[in-house]
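This report refers to the structure that appears directly beneath it.
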Amino acid sequence: MNFSREQILKAALEDKDVKTLVEHHQINIDVLEKEILNIYSFMINKKKCAGCTSINGCNQDLIGSMPKLLFNGNFYTEYVPCPYLQKQMDKNDKIANLTVLACNLDNVDASSLFSDKPARKLIYSKMMNIFNKEINGEKVKGIYLHGPYGCGKSYIMACFANKFAENGKKVVFAYYPDLIRQIKSSISTGGLEDAVEILKDADVLFLDDFGGETTTSFIRDEVLGAVLQERMENYKLTFMTSNLDPVSLHNHLAETAKDIDELRASRIEERIRVLMEFVELNDSNYRN
């Protein structure tokens, strides 16, 4: 269908994007008439985005783009990522920022946090406070979150691991018992140093289900101790979840397969206390 210049000009003056530029730059009708073909081209391509519900249904020549009308003496069109492409780009950024070791966070959904439950309100509030301070560049302690099986410790931390990654932080989330098994295996392949460096270097480190592993003096002192020492010296945000309360934690650290070493256990425990605040979560077993 062909439209006259007058019809196109009338439609342009009713277009929200055109009106915004006209008002902002105080553009007169003569300029509009002169630039009507550029404006019409923008309106045609803008119409391709109308009613779009996903990037898979994109009608633009450049998939995932949407036209933006600009003015610098002349009208011209610039293409920017549409909301659906931007969402995919944000997801890719999160994937690039999040390293998951010995576990899977694919099905973690922040809407299932139950942050309105009384037992969780304090935890959620503390985590949000820590998140905001870390994102703003402030130094802040993490949390050693302890409580019974199934109460949601890991899920809460996993949701915030995603949140930190989505906001540009390099995050490592590791299921500690399986991580230790992987680290033990890496000793024979020469990958131990690389594995430890990943834990040391993360902006934000989550060690999940600490205490579910069998402790050895080497893992305690040369791996966990070294990681915590490095992070303590460089003020790097660290979190742990565990079924062990502070007393049980000390006993776990002290007792290895071969002996009991109170002094070395106390050293590790002190590093944990410097890096993290001990917080208890005593909530329902949501696995049931």
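Following the order of the structure tokens, chains are lettered A, B, ..., residues in each are numbered from 1, and ligands are numbered from 1.
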
Where does segment 85-192 of chain A meet segment 243-260 of chain A within 6 Å, residue by residue, with the nearest atom pair and distance in Å to one decimal for each, counting only C-alpha atoms, listed by chain and rising number, as JSON lines?
{"residue": "A:His146", "atom": "CA", "partner": "A:Asn243", "partner_atom": "CA", "distance": 5.3}
{"residue": "A:Gly147", "atom": "CA", "partner": "A:Asn243", "partner_atom": "CA", "distance": 5.1}
{"residue": "A:Pro148", "atom": "CA", "partner": "A:Asn243", "partner_atom": "CA", "distance": 5.5}

Segment 103-245 of chain A: which residues are helix (DSSP H, G or I) by DSSP, as an mmCIF file with C-alpha atoms, in the first residue's frame?
data_model
loop_
_atom_site.group_PDB
_atom_site.id
_atom_site.type_symbol
_atom_site.label_atom_id
_atom_site.label_comp_id
_atom_site.auth_asym_id
_atom_site.auth_seq_id
_atom_site.Cartn_x
_atom_site.Cartn_y
_atom_site.Cartn_z
ATOM 1 C CA ALA A 110 15.190 -16.980 43.414
ATOM 2 C CA SER A 111 11.373 -16.886 43.434
ATOM 3 C CA SER A 112 11.485 -20.096 45.493
ATOM 4 C CA PRO A 118 10.247 -15.985 59.672
ATOM 5 C CA ALA A 119 13.329 -18.190 59.937
ATOM 6 C CA ARG A 120 14.658 -16.861 56.640
ATOM 7 C CA LYS A 121 13.947 -13.138 56.942
ATOM 8 C CA LEU A 122 17.104 -12.424 58.923
ATOM 9 C CA ILE A 123 19.263 -14.483 56.547
ATOM 10 C CA TYR A 124 17.778 -12.842 53.479
ATOM 11 C CA SER A 125 18.205 -9.378 54.985
ATOM 12 C CA LYS A 126 21.824 -10.066 55.883
ATOM 13 C CA MET A 127 22.583 -11.468 52.436
ATOM 14 C CA MET A 128 21.011 -8.470 50.698
ATOM 15 C CA ASN A 129 23.017 -6.117 52.887
ATOM 16 C CA ILE A 130 26.224 -7.987 52.039
ATOM 17 C CA PHE A 131 25.314 -8.062 48.352
ATOM 18 C CA ASN A 132 24.703 -4.309 48.190
ATOM 19 C CA LYS A 133 27.941 -3.484 49.998
ATOM 20 C CA GLU A 134 30.028 -5.810 47.817
ATOM 21 C CA ILE A 135 28.525 -4.445 44.597
ATOM 22 C CA LYS A 153 21.068 -23.204 53.352
ATOM 23 C CA SER A 154 22.474 -24.275 49.996
ATOM 24 C CA TYR A 155 19.511 -22.951 48.033
ATOM 25 C CA ILE A 156 19.747 -19.495 49.575
ATOM 26 C CA MET A 157 23.461 -19.297 48.847
ATOM 27 C CA ALA A 158 22.999 -20.619 45.295
ATOM 28 C CA CYS A 159 20.442 -17.889 44.556
ATOM 29 C CA PHE A 160 22.863 -15.223 45.736
ATOM 30 C CA ALA A 161 25.732 -16.819 43.811
ATOM 31 C CA ASN A 162 23.659 -16.277 40.666
ATOM 32 C CA LYS A 163 22.814 -12.738 41.772
ATOM 33 C CA PHE A 164 26.472 -11.805 42.297
ATOM 34 C CA ALA A 165 27.400 -13.303 38.908
ATOM 35 C CA GLU A 166 24.596 -11.429 37.161
ATOM 36 C CA TYR A 176 32.702 -29.029 49.169
ATOM 37 C CA PRO A 177 32.662 -32.849 49.638
ATOM 38 C CA ASP A 178 32.842 -33.519 45.887
ATOM 39 C CA LEU A 179 35.264 -30.633 45.411
ATOM 40 C CA ILE A 180 37.678 -32.286 47.843
ATOM 41 C CA ARG A 181 37.388 -35.576 45.963
ATOM 42 C CA GLN A 182 38.223 -33.751 42.739
ATOM 43 C CA ILE A 183 41.155 -31.978 44.374
ATOM 44 C CA LYS A 184 42.539 -35.276 45.670
ATOM 45 C CA SER A 185 42.298 -36.687 42.155
ATOM 46 C CA SER A 186 44.049 -33.632 40.733
ATOM 47 C CA ILE A 187 47.155 -34.271 42.834
ATOM 48 C CA SER A 188 48.186 -37.155 40.596
ATOM 49 C CA THR A 189 47.454 -35.226 37.391
ATOM 50 C CA LEU A 192 46.121 -29.220 42.239
ATOM 51 C CA GLU A 193 47.630 -25.755 42.008
ATOM 52 C CA ASP A 194 45.167 -24.640 39.316
ATOM 53 C CA ALA A 195 42.208 -25.913 41.356
ATOM 54 C CA VAL A 196 43.357 -24.047 44.461
ATOM 55 C CA GLU A 197 44.018 -20.854 42.489
ATOM 56 C CA ILE A 198 40.429 -20.843 41.223
ATOM 57 C CA LEU A 199 39.214 -20.847 44.834
ATOM 58 C CA LYS A 200 41.681 -18.148 45.861
ATOM 59 C CA ASP A 201 41.008 -15.785 42.978
ATOM 60 C CA SER A 217 45.631 -32.749 57.482
ATOM 61 C CA PHE A 218 46.777 -31.979 53.920
ATOM 62 C CA ILE A 219 43.365 -30.816 52.737
ATOM 63 C CA ARG A 220 42.775 -28.862 55.940
ATOM 64 C CA ASP A 221 46.150 -27.104 56.054
ATOM 65 C CA GLU A 222 47.426 -26.943 52.472
ATOM 66 C CA VAL A 223 44.144 -26.473 50.634
ATOM 67 C CA LEU A 224 41.454 -24.988 52.885
ATOM 68 C CA GLY A 225 43.956 -23.136 55.076
ATOM 69 C CA ALA A 226 45.789 -21.692 52.076
ATOM 70 C CA VAL A 227 42.558 -20.618 50.351
ATOM 71 C CA LEU A 228 41.155 -18.942 53.465
ATOM 72 C CA GLN A 229 44.473 -17.245 54.245
ATOM 73 C CA GLU A 230 44.705 -15.779 50.745
ATOM 74 C CA ARG A 231 41.120 -14.576 50.844
ATOM 75 C CA MET A 232 41.534 -13.115 54.325
ATOM 76 C CA GLU A 233 44.641 -11.147 53.311
#

Excluding same-chain residues fewer than 5 positions from Cys49 of chain A, what lies within 10 Å of it counting only C-alpha atoms, as a PyMOL selection string? chain A and resi 44+57-60+64-67+82

Please, which residues of segment 29-269 of chain A, numbered as in this document, come out strand (DSSP E or B) from DSSP, as a ChimeraX atom specification? /A:65-71,75-81,98-101,142-146,171-175,204-210,237-242,255,260

Deliver the residues from the most recent selection as a file, using N, CA and C atoms, as a short mmCIF file (atom, residue, chain, number, x, y, z; two decimals), in the first residue's frame.
data_model
loop_
_atom_site.label_atom_id
_atom_site.label_comp_id
_atom_site.auth_asym_id
_atom_site.auth_seq_id
_atom_site.Cartn_x
_atom_site.Cartn_y
_atom_site.Cartn_z
N SER A 65 17.77 -7.35 17.16
CA SER A 65 17.99 -5.90 17.18
C SER A 65 16.66 -5.17 17.11
N MET A 66 16.67 -3.93 17.58
CA MET A 66 15.49 -3.08 17.43
C MET A 66 15.94 -1.67 17.07
N PRO A 67 15.17 -0.98 16.24
CA PRO A 67 15.59 0.34 15.76
C PRO A 67 15.40 1.42 16.83
N LYS A 68 16.34 2.34 16.86
CA LYS A 68 16.26 3.49 17.75
C LYS A 68 16.48 4.74 16.90
N LEU A 69 15.52 5.66 16.93
CA LEU A 69 15.60 6.87 16.13
C LEU A 69 16.41 7.94 16.86
N LEU A 70 17.37 8.53 16.14
CA LEU A 70 18.24 9.56 16.72
C LEU A 70 18.27 10.78 15.81
N PHE A 71 18.74 11.90 16.36
CA PHE A 71 18.79 13.15 15.59
C PHE A 71 20.05 13.93 15.94
N PHE A 75 17.81 12.99 10.88
CA PHE A 75 17.29 11.79 11.52
C PHE A 75 18.05 10.57 10.99
N TYR A 76 18.38 9.65 11.89
CA TYR A 76 19.01 8.40 11.47
C TYR A 76 18.63 7.30 12.46
N THR A 77 18.77 6.07 12.00
CA THR A 77 18.38 4.91 12.81
C THR A 77 19.61 4.15 13.27
N GLU A 78 19.61 3.83 14.56
CA GLU A 78 20.67 2.98 15.14
C GLU A 78 19.99 1.73 15.69
N TYR A 79 20.64 0.59 15.54
CA TYR A 79 20.06 -0.66 16.03
C TYR A 79 20.71 -1.07 17.34
N VAL A 80 19.88 -1.38 18.32
CA VAL A 80 20.33 -1.77 19.65
C VAL A 80 19.71 -3.13 20.01
N PRO A 81 20.29 -3.84 20.99
CA PRO A 81 19.70 -5.14 21.39
C PRO A 81 18.28 -4.97 21.91
N LEU A 98 30.21 -17.12 36.43
CA LEU A 98 29.91 -18.11 37.45
C LEU A 98 30.60 -19.44 37.13
N THR A 99 31.47 -19.85 38.05
CA THR A 99 32.11 -21.16 37.94
C THR A 99 31.49 -22.08 38.98
N VAL A 100 30.93 -23.17 38.52
CA VAL A 100 30.27 -24.13 39.42
C VAL A 100 31.11 -25.39 39.46
N LEU A 101 31.54 -25.77 40.65
CA LEU A 101 32.40 -26.93 40.82
C LEU A 101 31.66 -28.03 41.57
N GLY A 142 31.48 -12.27 54.96
CA GLY A 142 30.49 -13.19 54.46
C GLY A 142 29.78 -13.88 55.61
N ILE A 143 29.15 -14.99 55.32
CA ILE A 143 28.36 -15.71 56.33
C ILE A 143 28.74 -17.19 56.32
N TYR A 144 28.94 -17.73 57.51
CA TYR A 144 29.02 -19.17 57.71
C TYR A 144 27.63 -19.58 58.17
N LEU A 145 26.87 -20.17 57.24
CA LEU A 145 25.46 -20.46 57.51
C LEU A 145 25.32 -21.93 57.92
N HIS A 146 24.90 -22.15 59.17
CA HIS A 146 24.80 -23.52 59.66
C HIS A 146 23.37 -23.81 60.11
N VAL A 171 32.35 -15.43 40.36
CA VAL A 171 31.84 -16.24 41.47
C VAL A 171 32.24 -17.70 41.28
N VAL A 172 32.64 -18.33 42.36
CA VAL A 172 32.83 -19.79 42.38
C VAL A 172 31.90 -20.37 43.43
N PHE A 173 31.09 -21.33 43.01
CA PHE A 173 30.20 -22.04 43.93
C PHE A 173 30.59 -23.51 43.87
N ALA A 174 31.01 -24.08 45.00
CA ALA A 174 31.53 -25.44 45.01
C ALA A 174 30.85 -26.28 46.09
N TYR A 175 30.41 -27.47 45.70
CA TYR A 175 29.92 -28.45 46.67
C TYR A 175 31.14 -29.10 47.30
N VAL A 204 33.91 -13.74 44.73
CA VAL A 204 33.01 -14.26 45.76
C VAL A 204 33.08 -15.79 45.71
N LEU A 205 33.35 -16.40 46.86
CA LEU A 205 33.49 -17.85 46.94
C LEU A 205 32.42 -18.43 47.86
N PHE A 206 31.74 -19.46 47.38
CA PHE A 206 30.76 -20.20 48.17
C PHE A 206 31.25 -21.64 48.32
N LEU A 207 31.47 -22.09 49.55
CA LEU A 207 31.81 -23.48 49.83
C LEU A 207 30.59 -24.12 50.50
N ASP A 208 29.94 -25.00 49.77
CA ASP A 208 28.66 -25.55 50.21
C ASP A 208 28.84 -26.91 50.87
N ASP A 209 28.12 -27.10 51.98
CA ASP A 209 28.10 -28.37 52.72
C ASP A 209 29.47 -28.73 53.28
N PHE A 210 30.12 -27.75 53.87
CA PHE A 210 31.38 -28.02 54.55
C PHE A 210 31.11 -28.92 55.74
N LEU A 237 35.31 -11.78 49.56
CA LEU A 237 34.05 -12.22 50.16
C LEU A 237 33.91 -13.74 50.07
N THR A 238 33.60 -14.35 51.21
CA THR A 238 33.55 -15.81 51.30
C THR A 238 32.33 -16.25 52.10
N PHE A 239 31.70 -17.32 51.62
CA PHE A 239 30.54 -17.90 52.31
C PHE A 239 30.75 -19.40 52.47
N MET A 240 30.17 -19.96 53.53
CA MET A 240 30.17 -21.41 53.71
C MET A 240 28.81 -21.83 54.24
N THR A 241 28.37 -23.03 53.87
CA THR A 241 27.20 -23.63 54.50
C THR A 241 27.64 -24.93 55.16
N SER A 242 26.97 -25.28 56.25
CA SER A 242 27.38 -26.49 56.97
C SER A 242 26.28 -26.93 57.93
N GLU A 255 39.98 -33.11 64.12
CA GLU A 255 40.11 -34.55 63.96
C GLU A 255 40.28 -34.94 62.51
N ILE A 260 44.54 -35.87 66.12
CA ILE A 260 43.76 -34.71 66.55
C ILE A 260 44.73 -33.57 66.78
#

Would you mind telling me which residue in A:Leu85, A:Thr20, A:Asn74, A:Glu6 lies nearest to Leu62 of chain A when using only C-alpha atoms? A:Leu85

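Here atom CA of Val140 of chain A and atom CA of Arg264 of chain A stand 25.6 Å from one another.
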
Nearest residue to Asn56 of chain A out of A:Thr214, A:Asn38, A:Ser266, A:Gln88, using only C-alpha atoms? A:Gln88

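Nearest to Asn136 of chain A of all the residues A:Gly73, A:Gly191, A:Gly211, A:Gly168 is A:Gly168, based on only C-alpha atoms.
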
From the list A:Asn104, A:Asp15, A:His25, A:Val31, the nearest residue to Lys46 of chain A using only C-alpha atoms is A:Asp15

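Computed from the coordinates, the atom CA of Tyr149 of chain A to atom CA of Asp283 of chain A distance equals 9.5 Å.
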
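Nearest residue to Glu35 of chain A among A:Leu113, A:Ile8, A:Val279, A:Met89 is A:Ile8, counting only C-alpha atoms.
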